[in-house]
>>> print(open('start-v4.cif').read())   # mmCIF, C-alpha atoms
data_model
loop_
_atom_site.label_atom_id
_atom_site.label_comp_id
_atom_site.auth_asym_id
_atom_site.auth_seq_id
_atom_site.Cartn_x
_atom_site.Cartn_y
_atom_site.Cartn_z
CA MET R 240 -28.45 12.20 11.98
CA ASN R 241 -26.71 8.82 12.11
CA GLN R 242 -24.89 9.63 8.88
CA ILE R 243 -23.75 12.96 10.31
CA HIS R 244 -22.50 11.21 13.46
CA PHE R 245 -20.65 8.62 11.37
CA ALA R 246 -19.06 11.35 9.23
CA LEU R 247 -17.86 13.07 12.42
CA GLN R 248 -16.32 9.80 13.62
CA VAL R 249 -14.47 9.34 10.33
CA PHE R 250 -13.22 12.94 10.37
CA ALA R 251 -12.00 12.52 13.95
CA ALA R 252 -10.19 9.28 13.10
CA LEU R 253 -8.55 10.88 10.05
CA ALA R 254 -7.45 13.88 12.12
CA VAL R 255 -5.85 11.65 14.76
CA VAL R 256 -4.11 9.56 12.09
CA LEU R 257 -2.80 12.67 10.33
CA VAL R 258 -1.46 14.22 13.55
CA ALA R 259 0.15 10.98 14.76
CA THR R 260 1.86 10.10 11.47
CA THR R 261 3.04 13.67 10.88
CA LEU R 262 4.57 13.99 14.36
CA CYS R 263 6.18 10.56 14.28
CA GLY R 264 7.44 11.22 10.75
CA ARG R 265 9.08 14.45 11.89
CA LEU R 266 10.62 12.72 14.91
CA ALA R 267 12.04 10.02 12.63
CA MET R 268 13.64 12.66 10.40
CA MET R 269 15.14 14.37 13.46
CA ILE R 270 17.04 11.18 14.28
CA LYS R 271 18.06 10.83 10.60
CA GLN R 272 15.57 8.11 9.74
CA PRO R 273 13.30 8.10 6.68
CA ARG R 274 9.88 9.62 7.36
CA VAL R 275 8.20 6.31 6.52
CA VAL R 276 9.79 4.68 9.60
CA GLY R 277 8.06 7.18 11.87
CA GLU R 278 4.77 6.75 10.01
CA MET R 279 4.94 2.97 10.39
CA VAL R 280 5.62 3.35 14.11
CA ALA R 281 2.72 5.80 14.43
CA GLY R 282 0.37 3.24 12.92
CA VAL R 283 1.46 0.61 15.45
CA LEU R 284 1.13 3.08 18.36
CA LEU R 285 -2.49 3.81 17.40
CA GLY R 286 -3.24 0.10 17.71
CA PRO R 287 -3.12 -2.28 20.69
CA ALA R 288 0.56 -1.54 21.29
CA LEU R 289 -0.05 1.83 22.96
CA LEU R 290 -3.44 3.51 22.54
CA GLY R 291 -5.32 0.25 22.94
CA ALA R 292 -3.33 -0.57 26.09
CA VAL R 293 -3.34 2.87 27.73
CA ALA R 294 -6.81 4.08 26.70
CA PRO R 295 -8.83 1.21 25.25
CA GLY R 296 -12.06 3.20 25.55
CA VAL R 297 -10.64 6.07 23.53
CA GLN R 298 -9.36 3.73 20.86
CA ALA R 299 -12.71 1.93 20.65
CA GLN R 300 -14.48 5.27 20.28
CA LEU R 301 -12.04 6.54 17.65
CA PHE R 302 -11.85 3.34 15.62
CA PRO R 303 -15.11 1.36 15.85
CA ASN R 304 -15.62 -1.39 13.27
CA ASP R 305 -17.57 0.74 10.79
CA VAL R 306 -14.88 3.45 10.89
CA LYS R 307 -12.20 0.78 10.42
CA SER R 308 -14.09 -0.44 7.35
CA THR R 309 -14.05 3.11 5.95
CA LEU R 310 -10.34 3.42 6.70
CA TYR R 311 -9.78 0.14 4.85
CA VAL R 312 -11.50 1.51 1.74
CA LEU R 313 -9.54 4.78 1.89
CA SER R 314 -6.26 2.94 2.44
CA THR R 315 -6.99 0.62 -0.50
CA ILE R 316 -7.56 3.63 -2.76
CA GLY R 317 -4.36 5.19 -1.45
CA LEU R 318 -2.35 2.01 -2.03
CA THR R 319 -3.71 1.61 -5.56
CA PHE R 320 -2.66 5.13 -6.50
CA TYR R 321 0.65 4.73 -4.65
CA MET R 322 1.52 1.66 -6.70
CA PHE R 323 0.38 3.52 -9.82
CA LEU R 324 2.87 6.30 -9.02
CA VAL R 325 5.59 3.71 -8.32
CA GLY R 326 4.99 2.08 -11.70
CA SER R 327 4.85 5.38 -13.58
CA SER R 328 8.11 6.56 -12.00
CA LEU R 329 10.14 3.50 -13.00
CA ASP R 330 12.79 4.33 -15.57
CA HIS R 331 12.72 1.55 -18.15
CA GLY R 332 16.12 2.67 -19.41
CA LEU R 333 17.68 1.48 -16.17
CA THR R 334 16.85 -2.11 -17.03
CA THR R 335 18.93 -2.10 -20.21
CA GLY R 336 22.63 -1.79 -20.88
CA PRO R 337 25.66 -3.16 -19.07
CA ASN R 338 24.32 -2.27 -15.61
CA ALA R 339 21.22 -4.43 -16.09
CA ARG R 340 23.02 -7.78 -15.88
CA LYS R 341 24.86 -6.84 -12.68
CA ALA R 342 21.66 -5.49 -11.17
CA SER R 343 19.78 -8.67 -12.09
CA VAL R 344 22.46 -10.77 -10.39
CA LEU R 345 22.26 -8.49 -7.32
CA ALA R 346 18.46 -8.79 -7.26
CA VAL R 347 18.62 -12.57 -7.44
CA SER R 348 21.24 -12.62 -4.69
CA GLY R 349 18.83 -10.75 -2.43
CA ILE R 350 15.71 -12.69 -3.37
CA VAL R 351 16.85 -16.33 -3.41
CA PRO R 352 18.66 -16.69 -0.04
CA THR R 353 16.09 -14.53 1.75
CA PHE R 354 13.22 -16.50 0.23
CA LEU R 355 14.78 -19.83 1.19
CA LEU R 356 15.49 -18.70 4.76
CA GLY R 357 11.98 -17.25 5.07
CA ALA R 358 10.40 -20.43 3.73
CA GLY R 359 12.49 -22.43 6.22
CA CYS R 360 11.22 -20.25 9.08
CA ALA R 361 7.66 -20.77 7.86
CA MET R 362 8.22 -24.53 7.96
CA ILE R 363 9.58 -24.36 11.53
CA PHE R 364 6.68 -22.25 12.84
CA PHE R 365 3.92 -23.66 10.65
CA ASP R 366 2.13 -25.46 13.48
CA THR R 367 1.97 -22.38 15.73
CA LEU R 368 1.77 -19.36 13.38
CA SER R 369 -0.12 -20.48 10.26
CA PRO R 370 -3.89 -20.00 9.77
CA GLU R 371 -6.09 -22.99 10.52
CA GLY R 372 -6.46 -25.16 7.44
CA SER R 373 -3.56 -23.44 5.67
CA SER R 374 -1.32 -25.29 3.26
CA LEU R 375 2.32 -25.63 4.31
CA TRP R 376 3.49 -24.75 0.80
CA VAL R 377 1.34 -21.61 0.57
CA PHE R 378 2.52 -20.47 4.01
CA MET R 379 6.15 -21.06 3.05
CA LEU R 380 5.72 -19.20 -0.24
CA PHE R 381 4.06 -16.25 1.49
CA VAL R 382 6.59 -15.78 4.30
CA GLY R 383 9.53 -16.29 1.94
CA GLY R 384 8.06 -13.81 -0.53
CA ALA R 385 7.36 -11.21 2.16
CA LEU R 386 10.95 -11.28 3.44
CA SER R 387 12.33 -11.04 -0.10
CA ILE R 388 10.93 -7.53 -0.68
CA THR R 389 13.05 -4.38 -0.93
CA ALA R 390 11.33 -0.99 -0.70
CA PHE R 391 12.18 0.42 -4.13
CA PRO R 392 10.38 3.80 -3.75
CA MET R 393 11.99 4.55 -0.38
CA LEU R 394 15.38 3.38 -1.61
CA ALA R 395 15.10 5.66 -4.64
CA ARG R 396 14.29 8.61 -2.37
CA ILE R 397 17.24 7.87 -0.06
CA LEU R 398 19.70 7.60 -2.97
CA GLN R 399 18.40 10.82 -4.53
CA GLU R 400 18.63 12.69 -1.22
CA ARG R 401 22.22 11.48 -0.78
CA GLY R 402 23.05 12.50 -4.37
CA ILE R 403 24.27 9.05 -5.45
CA ALA R 404 21.28 7.77 -7.45
CA ASN R 405 23.20 8.17 -10.73
CA THR R 406 26.50 6.69 -9.55
CA PRO R 407 27.43 3.12 -10.50
CA ILE R 408 26.75 1.80 -6.99
CA GLY R 409 23.55 3.84 -6.64
CA GLY R 410 22.20 2.81 -10.02
CA LEU R 411 23.09 -0.83 -9.38
CA THR R 412 21.18 -0.85 -6.09
CA LEU R 413 18.20 1.03 -7.52
CA VAL R 414 17.68 -1.32 -10.47
CA ALA R 415 18.10 -4.39 -8.25
CA ALA R 416 15.44 -3.06 -5.86
CA ALA R 417 13.05 -2.41 -8.77
CA ILE R 418 13.53 -5.99 -9.98
CA ASP R 419 12.99 -7.28 -6.43
CA ASP R 420 9.66 -5.51 -6.16
CA ALA R 421 8.43 -6.51 -9.62
CA VAL R 422 9.19 -10.16 -8.81
CA ALA R 423 7.54 -9.84 -5.40
CA TRP R 424 4.25 -8.51 -6.83
CA ALA R 425 4.12 -11.16 -9.52
CA PHE R 426 4.88 -13.74 -6.88
CA LEU R 427 2.16 -12.49 -4.54
CA ALA R 428 -0.38 -12.60 -7.37
CA LEU R 429 0.54 -16.25 -7.89
CA ILE R 430 0.33 -17.03 -4.14
CA ILE R 431 -3.12 -15.43 -3.87
CA ALA R 432 -4.32 -17.23 -6.97
CA VAL R 433 -3.22 -20.59 -5.56
CA GLY R 434 -3.89 -20.04 -1.87
CA ALA R 435 -7.08 -17.99 -1.84
CA SER R 436 -9.02 -19.23 -4.86
CA GLY R 437 -10.04 -22.46 -3.18
CA SER R 438 -9.64 -24.59 -6.32
CA ALA R 439 -7.24 -25.27 -9.16
CA THR R 440 -9.80 -23.94 -11.64
CA GLY R 441 -10.18 -20.71 -9.66
CA ALA R 442 -6.40 -20.28 -9.45
CA LEU R 443 -6.01 -20.84 -13.19
CA ARG R 444 -8.77 -18.33 -13.95
CA THR R 445 -7.10 -15.74 -11.73
CA ILE R 446 -3.65 -16.27 -13.27
CA ILE R 447 -4.98 -16.13 -16.83
CA GLY R 448 -7.04 -13.02 -16.05
CA ALA R 449 -4.03 -11.26 -14.51
CA ALA R 450 -1.80 -12.24 -17.44
CA ILE R 451 -4.32 -11.00 -20.03
CA PHE R 452 -4.76 -7.72 -18.14
CA ALA R 453 -0.99 -7.15 -17.95
CA VAL R 454 -0.41 -7.97 -21.63
CA VAL R 455 -3.29 -5.79 -22.86
CA MET R 456 -2.34 -2.87 -20.63
CA LEU R 457 1.37 -3.01 -21.52
CA THR R 458 0.73 -3.27 -25.29
CA LEU R 459 -2.53 -1.69 -26.46
CA GLY R 460 -2.91 0.38 -23.29
CA ARG R 461 0.62 1.73 -23.56
CA LYS R 462 0.11 2.73 -27.21
CA TRP R 463 -3.12 4.53 -26.39
CA LEU R 464 -1.62 6.27 -23.36
CA ALA R 465 1.37 7.33 -25.50
CA LYS R 466 -1.00 9.59 -27.43
CA LEU R 467 -2.04 11.16 -24.15
CA GLY R 468 1.64 11.74 -23.39
CA GLU R 469 2.18 13.40 -26.77
CA ARG R 470 -0.77 15.71 -26.10
CA ALA R 471 0.59 16.57 -22.67
CA GLU R 472 4.05 17.33 -24.11
CA LYS R 473 2.45 19.59 -26.70
CA ASP R 474 0.31 21.47 -24.15
CA GLY R 475 2.97 21.47 -21.44
CA LYS R 476 0.50 20.10 -18.90
CA LEU R 477 -2.22 17.53 -18.20
CA SER R 478 -5.63 19.11 -18.63
CA ARG R 479 -8.43 18.48 -16.16
CA ASP R 480 -10.12 16.07 -18.58
CA MET R 481 -6.88 14.17 -19.23
CA MET R 482 -6.31 13.86 -15.49
CA ALA R 483 -9.85 12.57 -15.05
CA ILE R 484 -9.22 9.94 -17.72
CA ILE R 485 -6.04 8.76 -15.97
CA LEU R 486 -7.80 8.55 -12.60
CA LEU R 487 -10.65 6.60 -14.20
CA ILE R 488 -8.23 4.13 -15.80
CA VAL R 489 -6.48 3.53 -12.46
CA LEU R 490 -9.79 3.00 -10.65
CA VAL R 491 -11.12 0.62 -13.31
CA ALA R 492 -7.82 -1.28 -13.36
CA GLY R 493 -7.92 -1.58 -9.56
CA TRP R 494 -11.54 -2.77 -9.66
CA PHE R 495 -10.80 -5.35 -12.35
CA THR R 496 -7.75 -6.87 -10.66
CA ASP R 497 -9.64 -6.97 -7.37
CA TRP R 498 -12.55 -8.68 -9.15
CA ILE R 499 -10.35 -11.39 -10.68
CA GLY R 500 -8.73 -11.99 -7.28
CA VAL R 501 -5.25 -10.39 -7.31
CA PHE R 502 -5.98 -7.18 -5.35
CA SER R 503 -6.25 -3.63 -6.65
CA VAL R 504 -2.59 -2.67 -6.13
CA PHE R 505 -1.63 -4.88 -9.09
CA GLY R 506 -3.98 -2.93 -11.33
CA GLY R 507 -2.46 0.33 -10.17
CA PHE R 508 1.11 -0.90 -10.62
CA ILE R 509 0.58 -2.30 -14.13
CA THR R 510 -1.26 0.86 -15.18
CA GLY R 511 1.69 2.91 -13.91
CA LEU R 512 4.10 0.79 -15.97
CA ALA R 513 1.97 1.50 -19.05
CA MET R 514 2.11 5.28 -18.60
CA PRO R 515 4.21 7.22 -21.14
CA LYS R 516 7.66 8.18 -19.92
CA SER R 517 6.96 11.85 -20.53
CA LYS R 518 8.59 14.44 -18.28
CA VAL R 519 5.41 16.51 -18.36
CA VAL R 520 3.21 13.55 -17.42
CA ARG R 521 5.55 12.51 -14.60
CA HIS R 522 5.73 16.05 -13.23
CA GLU R 523 1.97 16.54 -13.41
CA LEU R 524 1.23 13.21 -11.72
CA GLU R 525 3.72 13.88 -8.94
CA THR R 526 2.38 17.41 -8.43
CA LYS R 527 -1.30 16.53 -8.46
CA LEU R 528 -1.36 13.10 -6.81
CA THR R 529 1.67 12.59 -4.59
CA ASP R 530 0.98 15.04 -1.76
CA LEU R 531 -2.63 14.08 -1.08
CA ASN R 532 -1.79 10.41 -1.35
CA SER R 533 1.36 10.44 0.79
CA ILE R 534 0.15 12.91 3.42
CA LEU R 535 -3.39 11.61 4.00
CA LEU R 536 -4.26 8.30 2.33
CA LEU R 537 -1.06 6.33 3.02
CA PRO R 538 -1.04 7.32 6.71
CA VAL R 539 -4.54 5.83 6.85
CA PHE R 540 -2.99 2.59 5.63
CA PHE R 541 -0.33 2.74 8.37
CA ALA R 542 -3.06 3.26 10.95
CA PHE R 543 -5.11 0.38 9.57
CA SER R 544 -2.01 -1.85 9.70
CA GLY R 545 -1.38 -0.79 13.30
CA LEU R 546 -4.95 -1.55 14.33
CA ASN R 547 -4.44 -5.09 13.00
CA THR R 548 -1.14 -5.57 14.84
CA GLN R 549 -1.81 -7.72 17.91
CA VAL R 550 1.03 -7.31 20.41
CA SER R 551 -0.27 -9.52 23.24
CA GLY R 552 2.22 -12.23 22.27
CA PHE R 553 5.13 -9.84 22.94
CA GLY R 554 4.20 -9.28 26.59
CA SER R 555 6.11 -10.71 29.51
CA GLY R 556 6.74 -14.35 28.77
CA GLY R 557 5.26 -13.81 25.32
CA ALA R 558 5.49 -16.65 22.85
CA LEU R 559 6.37 -14.45 19.85
CA TRP R 560 9.83 -13.26 20.85
CA PHE R 561 11.64 -16.40 19.71
CA PRO R 562 9.88 -16.60 16.31
CA LEU R 563 10.53 -12.86 15.86
CA ALA R 564 14.25 -13.30 16.57
CA VAL R 565 14.57 -16.23 14.15
CA ILE R 566 12.58 -14.56 11.35
CA MET R 567 14.38 -11.24 11.85
CA LEU R 568 17.76 -12.98 11.58
CA ALA R 569 16.66 -14.77 8.41
CA ALA R 570 15.33 -11.54 6.88
CA PHE R 571 18.47 -9.56 7.65
CA ALA R 572 21.07 -12.22 6.84
CA GLY R 573 19.48 -13.21 3.54
CA LYS R 574 19.59 -9.69 2.12
CA TYR R 575 22.73 -8.37 3.79
CA LEU R 576 24.98 -11.34 3.14
CA GLY R 577 23.48 -12.32 -0.21
CA CYS R 578 23.67 -8.83 -1.71
CA GLY R 579 26.89 -7.84 0.03
CA LEU R 580 28.86 -10.84 -1.20
CA VAL R 581 27.69 -10.34 -4.77
CA VAL R 582 28.60 -6.63 -4.73
CA ARG R 583 32.04 -7.57 -3.42
CA ALA R 584 32.41 -10.23 -6.14
CA GLN R 585 31.54 -7.56 -8.75
CA GLY R 586 34.64 -5.61 -7.76
CA TYR R 587 33.46 -3.12 -5.16
CA SER R 588 35.05 -2.76 -1.73
CA TRP R 589 33.73 -4.40 1.43
CA ARG R 590 32.44 -0.98 2.55
CA TYR R 591 30.35 -0.62 -0.60
CA ALA R 592 29.18 -4.20 -0.24
CA SER R 593 28.04 -3.54 3.33
CA ALA R 594 26.29 -0.30 2.31
CA VAL R 595 24.33 -2.04 -0.43
CA GLY R 596 23.46 -4.95 1.85
CA GLY R 597 22.07 -2.51 4.40
CA LEU R 598 20.03 -0.55 1.86
CA MET R 599 18.58 -3.68 0.23
CA ASN R 600 17.31 -4.71 3.68
CA ALA R 601 14.95 -1.72 3.80
CA ARG R 602 11.48 -3.18 3.26
CA GLY R 603 9.46 -0.12 4.20
CA LEU R 604 5.93 0.32 2.97
CA MET R 605 6.18 -2.45 0.38
CA ILE R 606 6.25 -5.33 2.86
CA LEU R 607 3.35 -3.75 4.78
CA ILE R 608 1.29 -3.76 1.59
CA PHE R 609 2.33 -7.36 0.93
CA ILE R 610 1.39 -8.66 4.39
CA ASN R 611 -1.85 -6.67 4.61
CA ILE R 612 -2.98 -8.33 1.41
CA GLY R 613 -2.01 -11.67 2.95
CA LEU R 614 -4.02 -10.87 6.08
CA ALA R 615 -7.04 -9.88 3.99
CA TYR R 616 -6.87 -13.24 2.19
CA GLU R 617 -6.25 -15.10 5.49
CA LEU R 618 -2.83 -16.32 4.39
CA VAL R 619 -1.28 -15.32 7.75
CA THR R 620 -2.43 -15.20 11.36
CA PRO R 621 -2.55 -11.94 13.35
CA GLU R 622 0.48 -13.22 15.29
CA MET R 623 2.61 -13.72 12.16
CA PHE R 624 1.32 -10.40 10.86
CA ALA R 625 2.60 -8.69 14.03
CA ILE R 626 6.00 -10.37 13.63
CA LEU R 627 6.29 -9.22 10.01
CA VAL R 628 5.28 -5.66 10.94
CA ALA R 629 8.14 -5.66 13.47
CA VAL R 630 10.50 -6.98 10.77
CA ALA R 631 9.35 -4.19 8.43
CA ILE R 632 10.03 -1.44 10.97
CA ILE R 633 13.35 -2.76 12.31
CA THR R 634 14.98 -3.64 8.97
CA THR R 635 13.89 -0.31 7.49
CA ALA R 636 15.17 1.62 10.50
CA ALA R 637 18.49 -0.23 10.35
CA ALA R 638 19.13 0.57 6.68
CA MET R 639 20.51 4.11 7.05
CA PRO R 640 22.67 3.48 10.16
CA ILE R 641 24.29 0.53 8.36
CA TYR R 642 24.77 2.65 5.25
CA ARG R 643 26.36 5.55 7.18
CA ALA R 644 28.62 3.24 9.16
CA SER R 645 29.74 1.55 5.96
CA LEU R 646 30.14 4.73 3.88
CA PRO R 647 30.91 7.82 5.99
CA ASP R 648 30.50 11.19 4.25
CA HIS R 649 34.12 11.41 3.12
CA LEU R 650 33.85 8.02 1.40
CA GLU R 651 30.36 8.59 0.02
CA ALA R 652 31.71 11.61 -1.87
CA SER R 653 33.72 9.20 -4.04
CA ALA R 654 30.79 6.84 -4.61
CA ASP R 655 30.99 7.39 -8.35
CA VAL R 656 34.25 5.50 -8.73
CA LYS R 657 34.25 2.47 -10.99
CA PRO R 658 34.60 -0.96 -9.41
CA SER R 659 38.06 -2.43 -9.43
CA PRO R 660 38.80 -6.14 -9.58
CA ALA R 661 38.65 -7.76 -6.17
CA PRO R 662 42.09 -8.85 -5.02
CA VAL R 663 42.84 -12.52 -5.30
CA PRO R 664 43.44 -14.02 -1.81
#
>>> encode(input="start-v4.cif", output="structure tokens")
Amino acid sequence: MNQIHFALQVFAALAVVLVATTLCGRLAMMIKQPRVVGEMVAGVLLGPALLGAVAPGVQAQLFPNDVKSTLYVLSTIGLTFYMFLVGSSLDHGLTTGPNARKASVLAVSGIVPTFLLGAGCAMIFFDTLSPEGSSLWVFMLFVGGALSITAFPMLARILQERGIANTPIGGLTLVAAAIDDAVAWAFLALIIAVGASGSATGALRTIIGAAIFAVVMLTLGRKWLAKLGERAEKDGKLSRDMMAIILLIVLVAGWFTDWIGVFSVFGGFITGLAMPKSKVVRHELETKLTDLNSILLLPVFFAFSGLNTQVSGFGSGGALWFPLAVIMLAAFAGKYLGCGLVVRAQGYSWRYASAVGGLMNARGLMILIFINIGLAYELVTPEMFAILVAVAIITTAAAMPIYRASLPDHLEASADVKPSPAPVP
């Protein structure tokens, strides 16, 4: 009977999460925001920010600790498969050719200044916002790394919806965002290995284990999976057994990377990178995995993030407003100015530079994944977590308004023009 009661609690929690994220996602789209902005807001509203403040009894009944633990497991599975789909959708051809060097410069211009500003903020607020017993260097690395992220999957969707993904400016931004995210995940693996292992030996073991996994998966694993891709191309589909094999590989990869100490999303992402770049495989994975994952499992992650977002410090006279303002300014300025100035130096107009700077500021789901992993490993306090959630929502929500203001429709239509040399002052 207890198991039946628990199952009913989980079903009720999932139903509430699904309704809240769907409604907020639709509302976001009505005001011309990406759906993910509404889903992130929904997660926060289910936490202490709204439901916990207005009806604490209802929230406690909907999300008791054992239900939260179940939501954590479901969200981890969803994140692992999400990162698998991100990795499998990356076009390796984008990282070669003449566009690659410009994109690499753009990626560095977004990562380095944002990381330095974020690390500086971490140094300023170390005494008040870092976990007890935390290392200053680990805290600086984590906050700087979190602010350096760009939401590649969301950015790709925006550019495709606007019809400019294959233009020079669209391709440049897309590749730079992909590089940003790849660097961020490698960086987070290093931070966790150093900050959460507890010893130099443990950190070294984690780093070596992650490196061996990545090398094996991207060499031997890729060759073996290529045969699966050839079979899929021949049959025109992924059979049930082939799909089961792929799911098993993702689950085992997630388990292994979790076991060695770098979290399951790394296993999913690396496995996705190893997948064959077959149109049939991509189509089958998107058809069979994307909807369930994005409609049900990822919203569970947003809800879990919201339940962990403590907003008491933002109340009247709250102590978090000043740190939020400083960190938000660092996050925005690092990406917007760093990327914008480089795009301008590469020959594009100030309008294009501003548009790219705005888009590269969208951190979306990726920073939420990053900071949730940090919270799980006790690399950040709940207060800093709440600040970074606010940064995630605000910078993501600001991306499209900045883009539209910089490139109105009549100018966006000519977004495929080649850059011209910037005039000499």
>>> resolve_selection(input="start-v4.cif", expression="the PyMOL selection byres ((chain R and resi 299-314) around 10)", output="PyMOL selection string")
chain R and resi 245-246+248-253+255+285-286+290-291+294-298+315-320+532+535-544+546
>>> residues_around(input="start-v4.cif", residues="range 619-635 of chain R", least_positions_apart="5", cutoff="6 Å", atoms="only C-alpha atoms", output="count of residues only")
12
>>> resolve_selection(input="start-v4.cif", expression="the PyMOL selection byres ((chain R and resi 462-468) around 7)", output="JSON, numbers by chain")
{"R": [458, 459, 460, 461, 469, 470, 471, 472, 514, 515, 517, 520]}
>>> write_last_selection(input="start-v4.cif", atoms="C-alpha atoms", output="short mmCIF file (atom, residue, chain, number, x, y, z; two decimals), keeping the file's coordinate frame")
data_model
loop_
_atom_site.label_atom_id
_atom_site.label_comp_id
_atom_site.auth_asym_id
_atom_site.auth_seq_id
_atom_site.Cartn_x
_atom_site.Cartn_y
_atom_site.Cartn_z
CA THR R 458 0.73 -3.27 -25.29
CA LEU R 459 -2.53 -1.69 -26.46
CA GLY R 460 -2.91 0.38 -23.29
CA ARG R 461 0.62 1.73 -23.56
CA GLU R 469 2.18 13.40 -26.77
CA ARG R 470 -0.77 15.71 -26.10
CA ALA R 471 0.59 16.57 -22.67
CA GLU R 472 4.05 17.33 -24.11
CA MET R 514 2.11 5.28 -18.60
CA PRO R 515 4.21 7.22 -21.14
CA SER R 517 6.96 11.85 -20.53
CA VAL R 520 3.21 13.55 -17.42
#
>>> residues_near_point(input="start-v4.cif", point="(1.6, -2.6, -11.9)", cutoff="9 Å", atoms="only C-alpha atoms", output="number ranges by chain")
R: 322-323, 325-327, 421, 424, 453, 504-513
>>> write_last_selection(input="start-v4.cif", atoms="C-alpha atoms", output="short mmCIF file (atom, residue, chain, number, x, y, z; two decimals), keeping the file's coordinate frame")
data_model
loop_
_atom_site.label_atom_id
_atom_site.label_comp_id
_atom_site.auth_asym_id
_atom_site.auth_seq_id
_atom_site.Cartn_x
_atom_site.Cartn_y
_atom_site.Cartn_z
CA MET R 322 1.52 1.66 -6.70
CA PHE R 323 0.38 3.52 -9.82
CA VAL R 325 5.59 3.71 -8.32
CA GLY R 326 4.99 2.08 -11.70
CA SER R 327 4.85 5.38 -13.58
CA ALA R 421 8.43 -6.51 -9.62
CA TRP R 424 4.25 -8.51 -6.83
CA ALA R 453 -0.99 -7.15 -17.95
CA VAL R 504 -2.59 -2.67 -6.13
CA PHE R 505 -1.63 -4.88 -9.09
CA GLY R 506 -3.98 -2.93 -11.33
CA GLY R 507 -2.46 0.33 -10.17
CA PHE R 508 1.11 -0.90 -10.62
CA ILE R 509 0.58 -2.30 -14.13
CA THR R 510 -1.26 0.86 -15.18
CA GLY R 511 1.69 2.91 -13.91
CA LEU R 512 4.10 0.79 -15.97
CA ALA R 513 1.97 1.50 -19.05
#
>>> closest_residue(input="start-v4.cif", among="R:Leu429, R:Val581, R:Ile350, R:Val455", to="Leu443 in chain R", atoms="all atoms listed in the file")
R:Leu429
>>> atom_distance(input="start-v4.cif", atom1="CA of Thr445 in chain R", atom2="CA of Ile499 in chain R")
5.5 Å
>>> atom_distance(input="start-v4.cif", atom1="CA of Leu559 in chain R", atom2="CA of Glu371 in chain R")
17.8 Å
>>> closest_residue(input="start-v4.cif", among="R:Leu607, R:Gly545, R:Asp480, R:Ile430", to="Leu284 in chain R", atoms="only C-alpha atoms")
R:Gly545
>>> atom_distance(input="start-v4.cif", atom1="CA of Leu576 in chain R", atom2="CA of Val414 in chain R")
18.4 Å
>>> residues_around(input="start-v4.cif", residues="Trp498 in chain R", least_positions_apart="5", cutoff="10 Å", atoms="all atoms listed in the file", output="list in words")
Thr445, Gly448, Ala492, Gly493 and Ser503 of chain R
>>> resolve_selection(input="start-v4.cif", expression="the PyMOL selection byres ((chain R and resi 415) around 7)", output="count of residues only")
12
>>> axis_aligned_box(input="start-v4.cif", around="range 612-619 of chain R", padding_each_side="3 Å", output="lines of an AutoDock Vina configuration file")
center_x = -4.2
center_y = -12.3
center_z = 4.6
size_x = 11.8
size_y = 14.0
size_z = 12.3
>>> decode(input="start-v4.cif", residues="range 361-371 of chain R", atoms="N, CA and C atoms", output="PDB file, in the first residue's frame")
ATOM      1  N   ALA R 361      33.760  35.885  -7.955  1.00  0.00           N
ATOM      2  CA  ALA R 361      33.875  34.817  -6.961  1.00  0.00           C
ATOM      3  C   ALA R 361      34.863  35.207  -5.859  1.00  0.00           C
ATOM      4  N   MET R 362      35.916  35.892  -6.234  1.00  0.00           N
ATOM      5  CA  MET R 362      36.907  36.337  -5.249  1.00  0.00           C
ATOM      6  C   MET R 362      36.290  37.384  -4.309  1.00  0.00           C
ATOM      7  N   ILE R 363      35.502  38.296  -4.888  1.00  0.00           N
ATOM      8  CA  ILE R 363      34.888  39.358  -4.081  1.00  0.00           C
ATOM      9  C   ILE R 363      33.904  38.788  -3.068  1.00  0.00           C
ATOM     10  N   PHE R 364      33.106  37.789  -3.511  1.00  0.00           N
ATOM     11  CA  PHE R 364      32.035  37.271  -2.659  1.00  0.00           C
ATOM     12  C   PHE R 364      32.382  35.915  -2.036  1.00  0.00           C
ATOM     13  N   PHE R 365      33.643  35.580  -2.023  1.00  0.00           N
ATOM     14  CA  PHE R 365      34.053  34.265  -1.505  1.00  0.00           C
ATOM     15  C   PHE R 365      33.650  34.076  -0.045  1.00  0.00           C
ATOM     16  N   ASP R 366      33.859  35.093   0.764  1.00  0.00           N
ATOM     17  CA  ASP R 366      33.599  34.962   2.201  1.00  0.00           C
ATOM     18  C   ASP R 366      32.120  34.775   2.518  1.00  0.00           C
ATOM     19  N   THR R 367      31.230  35.301   1.670  1.00  0.00           N
ATOM     20  CA  THR R 367      29.797  35.259   1.986  1.00  0.00           C
ATOM     21  C   THR R 367      29.019  34.219   1.184  1.00  0.00           C
ATOM     22  N   LEU R 368      29.511  33.818   0.007  1.00  0.00           N
ATOM     23  CA  LEU R 368      28.711  32.957  -0.875  1.00  0.00           C
ATOM     24  C   LEU R 368      29.354  31.618  -1.219  1.00  0.00           C
ATOM     25  N   SER R 369      30.523  31.325  -0.657  1.00  0.00           N
ATOM     26  CA  SER R 369      31.162  30.032  -0.952  1.00  0.00           C
ATOM     27  C   SER R 369      30.816  29.020   0.129  1.00  0.00           C
ATOM     28  N   PRO R 370      30.815  27.720  -0.205  1.00  0.00           N
ATOM     29  CA  PRO R 370      30.534  26.690   0.804  1.00  0.00           C
ATOM     30  C   PRO R 370      31.613  26.677   1.889  1.00  0.00           C
ATOM     31  N   GLU R 371      31.235  26.281   3.075  1.00  0.00           N
ATOM     32  CA  GLU R 371      32.186  26.210   4.176  1.00  0.00           C
ATOM     33  C   GLU R 371      33.288  25.220   3.849  1.00  0.00           C
TER      34      GLU R 371
END
